[in-house]
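Engineer: What follows is a single structure, and I will ask about it in a moment.
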Amino acid sequence: MAFDREGSGKYDYMAPEIVLYKAEALEGCRRLNSTLATDGQPHVDAIRDLFGSVGNNPAVMPNFNCDFGFNIHVGDDFLANCNVTILDVAPVRIGHRVLIGPGTVITTAGHPLPPEERKKGYAVREPVTIGDDVWIGGNCTILPGITIGDGAVVAAGAVVTKDVPPGALVAGVPAKVVKEV
């Protein structure tokens, strides 16, 4: 089963190229986490070297973790606060002026429900898309396949299991629309 870097669906999470991509990402995260946003260009360079594409004025606080890095695409004025993890075995596209609170996990990866599929070493992946002007509070979880619309707010501690409409405030486990922003 060949791995398409930008694909979705089932894949073998122990395939040699997956292991290599993860090792490269660990080194990229180590380099990024050794810089601070106040370091200026070295910090921006570390983000650009790790991520697939980056807009202007990015900031990523330590300790950032990801699976590959190359599947993360962020717009201008991006902020990932402390201890953010993005599992990017499928593309994660994040718009402009997005703020991600500390301890948040954005994951494109999961495992199949049937045990026989898990025994074979298969995992599944679906892309995540986050629009412009989104604020994701601290300690949130964004699950695979989710789209969060422009201007939405995800309240602290929310687990997002369904798409979030533009301009909505969602909260809870699972996250539900509380009101329009």
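Residue names in the structure tokens use chain letters A, B, ... in the order shown, residue numbers from 1 in each chain, and ligand numbers from 1 in the order shown.
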Could you give me, as JSON lines, a per-residue list for segment 34-135 of chain A showing, wherever an atom lies at most 8 Å from an atom of segment 148-153 of chain A, the closest pair of atoms and their distance in Å to one decimal, using only C-alpha atoms and sorting by chain then residue number from low to high?
Structural biologist:
{"residue": "A:Thr129", "atom": "CA", "partner": "A:Ile148", "partner_atom": "CA", "distance": 6.3}
{"residue": "A:Ile130", "atom": "CA", "partner": "A:Ile148", "partner_atom": "CA", "distance": 4.7}
{"residue": "A:Gly131", "atom": "CA", "partner": "A:Asp150", "partner_atom": "CA", "distance": 4.4}
{"residue": "A:Asp132", "atom": "CA", "partner": "A:Asp150", "partner_atom": "CA", "distance": 4.8}
{"residue": "A:Asp133", "atom": "CA", "partner": "A:Gly151", "partner_atom": "CA", "distance": 4.7}
{"residue": "A:Val134", "atom": "CA", "partner": "A:Gly151", "partner_atom": "CA", "distance": 4.9}
{"residue": "A:Trp135", "atom": "CA", "partner": "A:Val153", "partner_atom": "CA", "distance": 4.9}
Engineer: Which residues of segment 82-138 of chain A come within 8 Å of segment 52-67 of chain A, and for each one, what is the closest pair of atoms and their distance in Å to one decimal, counting only C-alpha atoms, sorted by chain and residue number, as a Markdown table?
Structural biologist:
| residue | atom | partner | partner_atom | distance |
| --- | --- | --- | --- | --- |
| A:Cys82 | CA | A:Met61 | CA | 4.8 |
| A:Asn83 | CA | A:Asn63 | CA | 4.7 |
| A:Val84 | CA | A:Phe64 | CA | 5.2 |
| A:Thr85 | CA | A:Asn65 | CA | 4.7 |
| A:Ile86 | CA | A:Cys66 | CA | 4.8 |
| A:Leu87 | CA | A:Asp67 | CA | 5.0 |
| A:Asp88 | CA | A:Asp67 | CA | 5.6 |
| A:Val89 | CA | A:Asp67 | CA | 6.5 |
| A:His96 | CA | A:Gly55 | CA | 7.9 |
Engineer: Grab the residues selected above and save them as a CSV table (one decimal), in the first residue's frame with all heavy atoms.
Structural biologist:
chain,number,residue,atom,x,y,z
A,82,CYS,N,1.6,27.1,23.7
A,82,CYS,CA,2.4,26.0,24.3
A,82,CYS,C,1.7,24.6,24.2
A,82,CYS,O,0.5,24.5,24.3
A,82,CYS,CB,2.7,26.3,25.8
A,82,CYS,SG,3.7,27.8,26.0
A,83,ASN,N,2.5,23.6,23.9
A,83,ASN,CA,2.1,22.2,24.0
A,83,ASN,C,1.0,21.9,23.0
A,83,ASN,O,0.1,21.1,23.3
A,83,ASN,CB,1.7,21.8,25.4
A,83,ASN,CG,2.8,22.0,26.4
A,83,ASN,OD1,4.0,21.6,26.1
A,83,ASN,ND2,2.6,22.6,27.5
A,84,VAL,N,1.1,22.4,21.8
A,84,VAL,CA,0.1,22.1,20.7
A,84,VAL,C,0.7,20.9,20.0
A,84,VAL,O,1.9,20.8,19.7
A,84,VAL,CB,-0.1,23.3,19.8
A,84,VAL,CG1,-0.8,22.9,18.5
A,84,VAL,CG2,-0.9,24.3,20.5
A,85,THR,N,-0.2,19.9,19.6
A,85,THR,CA,0.2,18.8,18.8
A,85,THR,C,-0.7,18.8,17.5
A,85,THR,O,-1.9,18.9,17.7
A,85,THR,CB,0.0,17.5,19.6
A,85,THR,OG1,0.9,17.5,20.7
A,85,THR,CG2,0.3,16.3,18.7
A,86,ILE,N,-0.1,18.6,16.4
A,86,ILE,CA,-0.8,18.5,15.1
A,86,ILE,C,-0.3,17.2,14.5
A,86,ILE,O,0.8,17.1,14.0
A,86,ILE,CB,-0.6,19.7,14.2
A,86,ILE,CG1,-1.1,21.0,14.8
A,86,ILE,CG2,-1.4,19.4,12.9
A,86,ILE,CD1,-0.8,22.2,14.0
A,87,LEU,N,-1.2,16.2,14.5
A,87,LEU,CA,-0.9,14.9,13.8
A,87,LEU,C,-1.4,15.0,12.4
A,87,LEU,O,-2.5,14.9,12.0
A,87,LEU,CB,-1.6,13.8,14.5
A,87,LEU,CG,-1.2,13.6,16.0
A,87,LEU,CD1,-1.9,12.4,16.6
A,87,LEU,CD2,0.3,13.5,16.2
A,88,ASP,N,-0.4,15.3,11.5
A,88,ASP,CA,-0.7,15.7,10.1
A,88,ASP,C,-0.3,14.6,9.1
A,88,ASP,O,0.3,14.8,8.1
A,88,ASP,CB,0.1,16.9,9.8
A,88,ASP,CG,1.6,16.8,9.8
A,88,ASP,OD1,2.1,16.2,10.8
A,88,ASP,OD2,2.3,17.2,8.9
A,89,VAL,N,-0.8,13.4,9.3
A,89,VAL,CA,-0.7,12.3,8.3
A,89,VAL,C,-1.5,12.6,7.0
A,89,VAL,O,-1.3,12.0,6.0
A,89,VAL,CB,-0.9,10.9,8.8
A,89,VAL,CG1,0.2,10.6,9.9
A,89,VAL,CG2,-2.3,10.7,9.4
A,96,HIS,N,-5.8,32.4,7.9
A,96,HIS,CA,-5.2,33.6,8.4
A,96,HIS,C,-5.7,33.9,9.8
A,96,HIS,O,-6.9,33.7,10.1
A,96,HIS,CB,-5.4,34.8,7.5
A,96,HIS,CG,-4.8,34.6,6.1
A,96,HIS,ND1,-3.5,34.4,5.8
A,96,HIS,CD2,-5.5,34.5,4.9
A,96,HIS,CE1,-3.4,34.2,4.5
A,96,HIS,NE2,-4.6,34.3,3.9
Engineer: For a test of reading the model, state the distance in Å between atom CA of Asp39 of chain A and atom CA of Leu26 of chain A, rounded to one decimal.
Structural biologist: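 Between these atoms lies a distance of 20.6 Å.
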Engineer: What's the separation between atom CA of Lys120 of chain A and atom CA of Ile72 of chain A, in Å to one decimal place?
Structural biologist: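 Separation between atom CA of Lys120 of chain A and atom CA of Ile72 of chain A: 27.4 Å.
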Engineer: Would you please give, as a list in words, all residues of segment 110-152 of chain A that DSSP assigns to alpha helix (DSSP H) based on the backbone?
Structural biologist: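 Listing alpha helix (DSSP H) positions across segment 110-152 of chain A yields Pro115, Glu116, Glu117, Arg118 and Lys119 of chain A.
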Engineer: Please determine, counting only C-alpha atoms, which residue among A:Lys162, A:Gly172, A:Lys10, A:Val98 has the shortest atom-to-atom distance to Leu113 of chain A.
Structural biologist: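 Using only C-alpha atoms, the shortest distance to Leu113 of chain A belongs to A:Lys10.
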Engineer: Between atom CA of Ala123 of chain A and atom CA of Phe78 of chain A, what distance in Å does the model show, to one decimal?
Structural biologist: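 So the two atoms, atom CA of Ala123 of chain A and atom CA of Phe78 of chain A, lie 29.0 Å apart.
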Engineer: Counting only C-alpha atoms, figure out which residue out of A:Gly121, A:Pro127, A:Gly138, A:Gly145 gets nearest to Asn81 of chain A.
Structural biologist: A:Gly138
